[in-house]
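For reference, the structure is listed below as structure tokens.
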Amino acid sequence: MTTPSTTLIKDSVRTEELLVNMGPQHPSTHGVLRLLVRTDGEMIKETWPHIGYLHRCFEKICESVTYVQSVPYVDRMDYLASMNNGMGLCMAYERMLDVEIPKRVDYLRVITSELNRVASHLMAMGTFGLDLGAITPFMYIFREREIITSILEKISGGRLLFHYSRIGGVYRDMDSDIAHDIRSFIKTFREMYVEYDELLSQNAIFVNRAANVGVITAEQAIGWGLTGPCLRASGIDYDIRRKKPYAHYEDFDFDVIVGKAWKGSLGDCYDRYYCRMLEMLESVKIIEQALEGLPQGEIQADLPKVVRLPKGEVYYAIENPRGELGFYIVSDGKPNAYRVSARAPSFCNLSITHELGHDVLVADVIAIVGSIDIVLGEVDR
Amino acid sequence: MALTLKDIHGKLAAKFSEKVFDWLEPEAGDGWIEIEPLAWAEIAAHLKADPDLQFDYLRMISGVDYSDHIQVVYHLMSYARDHDCVIKVKLERKDPRVASVMDLWPAADWHERETYDMLGVTFEGRDELRRILLPEDWVGYPLRKDYEQPDEYHGITHW
């Protein structure tokens with residue numbers, strides 16, 4: 001075989017930039033997210049996220065249905081944390097109604113939403129591992145998540161979308177049987193957590209893929225409006241449960257987990273991942289205390305059959321597993337809202353992708369999107 | 001130290017006088033400060049830069065159609081000072097335009113695109129203001145109160 005001449009190679013072999021669509025149907029995009037990337041070999045030069053594939057007109061629907069009817073819709077936004085969503089919208093409405101909510105309702109909401117937070121963070125951890133090639137933890141997390149879904153099913157009747165929080169109360173009371181289930185889950189969970197830590201958090205391959213990748217500085221995190229674990233991983237100590245306590249969160253003793261550059265630099269993918277891991281332990285701490293101090297009493301405040309909000313407007317935010325879930329509600333005194341606007345944490349967190357997705361490896365973009373932990377149902381609403 | 005809405009309004013009114021309208025408290029819920037739309041760019045820059053205000057975090061931008069005008073609502077918060085405020089601009093319904101604040105708060109990027117998508121508000125001084133949630137060839141702005149739902153989109157009907 002003769003060696004081709006240099007000119008021939010020069011003429012026939014060339015490099016060029018390629019525009020590639022990642023998604024909308026792709027396992028690593030956590031739903032229907034399309035990333036348009038400009039690649040130069042293995043390097044990504046620019047990333048444009050395209051969203052809207054799961055838009056279901058939540059805000060428009062809220063204008064045409066009554067307040068009571070609008071509550072189940074919100075469960076479908078962040079479908080991995082339905083409890084938290086329902087709680088957020090109901091509390092926003094209650095803030096406008098200025099009604100005394102029984103303490104038991106708040107405690108039941110805290111217990112269910114913290115259980116849901118653990119389930120959601122487990123899912124985040126499992127899928128993040130899956131993105132980086134660790135398939136086993138994804139199978140394991142479903143074992144614990146299954147226990148949580150069964151408990152929540154016993155409480156609310158649903159396994160994914162609960163519609164448990166109602167305006168002024170909750171759907172059903174919790175008995176000692178369920179409390180026992182939760183306590184035994186917490187015991188198992190603490191044992192299993194050690195296993196996850198060994199399996200994934202200390203896994204050298206995983207650490208190499210996640211540490212020092214997708215670093216978000218504190219300034220960037222605030223500027224782009226990141227909230228939740230994505231913000232705290234960048235070193236900012238801000239958790240609504242601590243700073244603006246709602247639903248009696250001030251009663252509970254828990255730590256706000258802030259990123260500490262555990263394996264690489266502050267605000268990298270590993271920090272975001274590990275923040276969630278440690279937050280799960282804090283959540284079970286809160287659940288234990290809430291079960292211990294669960295007050296007796298009503299589970300529904302006295303409200304008229306047709307809920308009418310007084311004229312005015314409110315912005316109310318709670319700490320969802322993914323960050324600050326806020327609802328801006330404008331009321332004109334009718335039984336349906338004049339305008340409901342949702343500040344979805346995933347939507348704001350995802351907007352930083354364009355800022356981070358340049359001059360990184362193709363595989364790193366997967367790690368970045370995975371570490372932000374988005375739920376497309378919430379991004380597109 | 002955290003400031004109340006009244007204090008924030010006082011500070012803005014002292015600096016921008018007639019460009020800052022009144023602060024209002026509705027019957028229920030939160031109050032807001034209404035400002036002159038043309039002055040939004042300089043007021044926004046002041047809100048972020050002033051050491052007493054330091055609004056470093058833009059929570060969200062939303063638009064509300066009031067049939068005779070459109071309001072764009074800015075929810076701001078300060079991590080440094082731990083206070084928040086709501087700023088509203090009242091715009092003409094025919095061709096609503098307001099300055100973009102993307103340079104100050106990058107988070108505004110997607111929120112402005114969403115407000116454009118849903119209510120047709122044009123944000124000036126930024127590039128590529130295009131639809132974000134709806135397809136690019138969608139006609140109309142769904143969250144306007146006089147919006148009529150199309151019967152058909154590329155052969156897709158809802159009955």
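We label chains A, B, ... in the order they appear in the structure tokens, count residues from 1 in each chain, and number ligands from 1 in the order shown.
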
(Q) At a cut-off of 8 Å, using only C-alpha atoms, what residues contact segment 35-47 of chain B? Leave out same-chain residues fewer than 3 positions from it and give the result as a ChimeraX atom specification. (A) /B:12,16,19-22,50,53-55,87-91,98-101,104

Writing out the chosen residues with C-alpha atoms as a PDB file, in the first residue's frame:
ATOM      1  CA  LEU B  12     -36.619  55.581  44.788  1.00  0.00           C
ATOM      2  CA  PHE B  16     -36.184  59.654  40.565  1.00  0.00           C
ATOM      3  CA  LYS B  19     -40.686  58.856  37.456  1.00  0.00           C
ATOM      4  CA  VAL B  20     -41.675  56.728  40.436  1.00  0.00           C
ATOM      5  CA  PHE B  21     -45.403  56.675  40.973  1.00  0.00           C
ATOM      6  CA  ASP B  22     -47.149  55.686  44.159  1.00  0.00           C
ATOM      7  CA  ASP B  50     -27.455  51.105  45.299  1.00  0.00           C
ATOM      8  CA  LEU B  53     -31.075  48.356  48.019  1.00  0.00           C
ATOM      9  CA  GLN B  54     -28.809  45.753  46.368  1.00  0.00           C
ATOM     10  CA  PHE B  55     -31.479  43.815  44.540  1.00  0.00           C
ATOM     11  CA  ILE B  87     -42.072  46.714  40.573  1.00  0.00           C
ATOM     12  CA  LYS B  88     -44.807  47.224  38.023  1.00  0.00           C
ATOM     13  CA  VAL B  89     -44.817  49.009  34.697  1.00  0.00           C
ATOM     14  CA  LYS B  90     -48.047  49.859  32.942  1.00  0.00           C
ATOM     15  CA  LEU B  91     -47.845  49.538  29.158  1.00  0.00           C
ATOM     16  CA  VAL B  98     -40.248  48.075  27.887  1.00  0.00           C
ATOM     17  CA  ALA B  99     -36.485  48.009  28.353  1.00  0.00           C
ATOM     18  CA  SER B 100     -34.807  44.650  28.831  1.00  0.00           C
ATOM     19  CA  VAL B 101     -32.917  44.044  32.065  1.00  0.00           C
ATOM     20  CA  LEU B 104     -28.356  43.435  34.962  1.00  0.00           C
TER      21      LEU B 104
END

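Using only C-alpha atoms, the protein and nucleic acid residues lying no more than 12 Å from Asp98 of chain A, apart from those fewer than 6 places from it along its own chain, are Met91, Ala92, Ile167, Gly168, Ala301, Asp302, Leu303, Arg308, Leu309, Pro310 and Val314 of chain A; Glu27, Ala28 and Gly29 of chain B.
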
Q.
Show me, as a list in words, every residue of chain A with an atom at most 8 Å from chain B, counting only C-alpha atoms.
A. His50, Ile51, Gly52, Tyr53, His55, Lys60, Arg95, Met96, Leu97, Ile222, Gly223, Trp224, Gly225, Pro310, Lys311, Gly312, Glu313, Val314, Tyr315, Arg339, Ser341, Arg343, Cys348, Ser351 and Asp380 of chain A

Taking C-alpha atoms for each residue, export the selection above as a PDB file, in the first residue's frame.
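And here's part06.pdb as it stands now:
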ATOM      1  CA  HIS A  50     -34.928  24.520  23.393  1.00  0.00           C
ATOM      2  CA  ILE A  51     -37.909  23.894  25.612  1.00  0.00           C
ATOM      3  CA  GLY A  52     -41.684  23.885  25.346  1.00  0.00           C
ATOM      4  CA  TYR A  53     -42.327  20.308  24.235  1.00  0.00           C
ATOM      5  CA  HIS A  55     -46.225  22.899  27.590  1.00  0.00           C
ATOM      6  CA  LYS A  60     -54.094  29.645  31.107  1.00  0.00           C
ATOM      7  CA  ARG A  95     -52.047  33.588  52.382  1.00  0.00           C
ATOM      8  CA  MET A  96     -54.606  35.651  50.445  1.00  0.00           C
ATOM      9  CA  LEU A  97     -57.539  34.233  52.393  1.00  0.00           C
ATOM     10  CA  ILE A 222     -27.464  34.580  41.898  1.00  0.00           C
ATOM     11  CA  GLY A 223     -27.467  36.368  38.551  1.00  0.00           C
ATOM     12  CA  TRP A 224     -29.117  33.509  36.702  1.00  0.00           C
ATOM     13  CA  GLY A 225     -31.665  33.101  39.470  1.00  0.00           C
ATOM     14  CA  PRO A 310     -60.256  38.885  48.060  1.00  0.00           C
ATOM     15  CA  LYS A 311     -59.125  41.473  45.538  1.00  0.00           C
ATOM     16  CA  GLY A 312     -55.389  41.792  45.490  1.00  0.00           C
ATOM     17  CA  GLU A 313     -52.282  39.890  44.635  1.00  0.00           C
ATOM     18  CA  VAL A 314     -49.623  37.819  46.303  1.00  0.00           C
ATOM     19  CA  TYR A 315     -46.294  36.187  45.603  1.00  0.00           C
ATOM     20  CA  ARG A 339     -53.870  35.452  36.703  1.00  0.00           C
ATOM     21  CA  SER A 341     -48.047  32.732  37.271  1.00  0.00           C
ATOM     22  CA  ARG A 343     -41.971  30.636  39.139  1.00  0.00           C
ATOM     23  CA  CYS A 348     -34.833  29.213  36.043  1.00  0.00           C
ATOM     24  CA  SER A 351     -31.595  28.833  31.808  1.00  0.00           C
ATOM     25  CA  ASP A 380     -42.660  23.861  30.311  1.00  0.00           C
TER      26      ASP A 380
END

Q.
Excluding Tyr338 of chain A and its own-chain neighbours fewer than 6 positions away, which residues fall within 9 Å of it when counting only C-alpha atoms? Please give them as a ChimeraX atom specification.
A. /A:62-64,329-332 /B:64

Same residues, C-alpha atoms, saved as a JSON list (two decimals), in the first residue's frame:
[["chain", "number", "residue", "atom", "x", "y", "z"],
["A", 62, "CYS", "CA", -55.88, 28.38, 36.09],
["A", 63, "GLU", "CA", -57.69, 31.43, 34.74],
["A", 64, "SER", "CA", -60.69, 29.41, 33.62],
["A", 329, "ILE", "CA", -51.62, 35.18, 42.06],
["A", 330, "VAL", "CA", -53.77, 38.09, 40.98],
["A", 331, "SER", "CA", -57.37, 38.00, 42.17],
["A", 332, "ASP", "CA", -60.29, 40.20, 41.19],
["B", 64, "VAL", "CA", -50.83, 40.60, 33.36]]

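When only C-alpha atoms are used to measure the gap to Asn212 of chain A, the shortest distance among A:Cys269, A:Met77, A:Leu160, A:Val375 belongs to A:Cys269.
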
Set the distance at 10 Å and use only C-alpha atoms: which residues neighbour Glu42 of chain A once local chain neighbours fewer than 6 positions away are removed? I'd like the list as a PDB file with C-alpha atoms, in the first residue's frame.
ATOM      1  CA  ASP A 359     -15.812  24.845  25.573  1.00  0.00           C
ATOM      2  CA  VAL A 360     -16.732  21.665  27.394  1.00  0.00           C
ATOM      3  CA  LEU A 361     -16.712  18.051  26.326  1.00  0.00           C
ATOM      4  CA  VAL A 362     -19.890  16.516  24.933  1.00  0.00           C
ATOM      5  CA  ALA A 363     -20.023  14.166  27.914  1.00  0.00           C
TER       6      ALA A 363
END

Q: Please report, as a VMD selection string, each residue of segment 48-181 of chain A to which DSSP assigns helix (DSSP H, G or I) when run on this structure's backbone.
A: chain A and resid 58 to 64 67 to 75 82 to 97 103 to 131 136 to 156 176 to 181

Q) Contacts of Arg34 of chain A at 7 Å or less, counting only C-alpha atoms, minus same-chain residues fewer than 3 places along, as an NGL selection string? A) :A and (21-24 or 49-51)

Q: Name the residues of segment 69-276 of chain A that come out as strand (DSSP E) in a backbone DSSP run; write them as number ranges by chain.
A: A: 165-166, 169-170

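Taking only C-alpha atoms, the non-local environment of Asp255 of chain A within 10 Å (same-chain residues fewer than 3 positions away omitted) comprises A:Asp239, A:Arg242, A:Phe252, A:Val258, A:Leu278, A:Glu279, A:Leu281, A:Glu282, A:Ser283, A:Lys285, A:Ile286.
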
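Using only C-alpha atoms, the contacts of Arg130 of chain B at a cut-off of 9 Å, with sequence neighbours closer than 2 positions omitted, comprise Arg113, Glu114, Tyr116, Asp117, Glu128, Ile132 and Glu136 of chain B.
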
Q. Quick one: of A:Val32, A:Val307, A:Val284, A:Met192, who's nearest to Glu94 of chain A, counting only C-alpha atoms?
A. A:Val307

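The space between atom CA of Arg166 of chain A and atom CA of Ser82 of chain A spans 12.7 Å.
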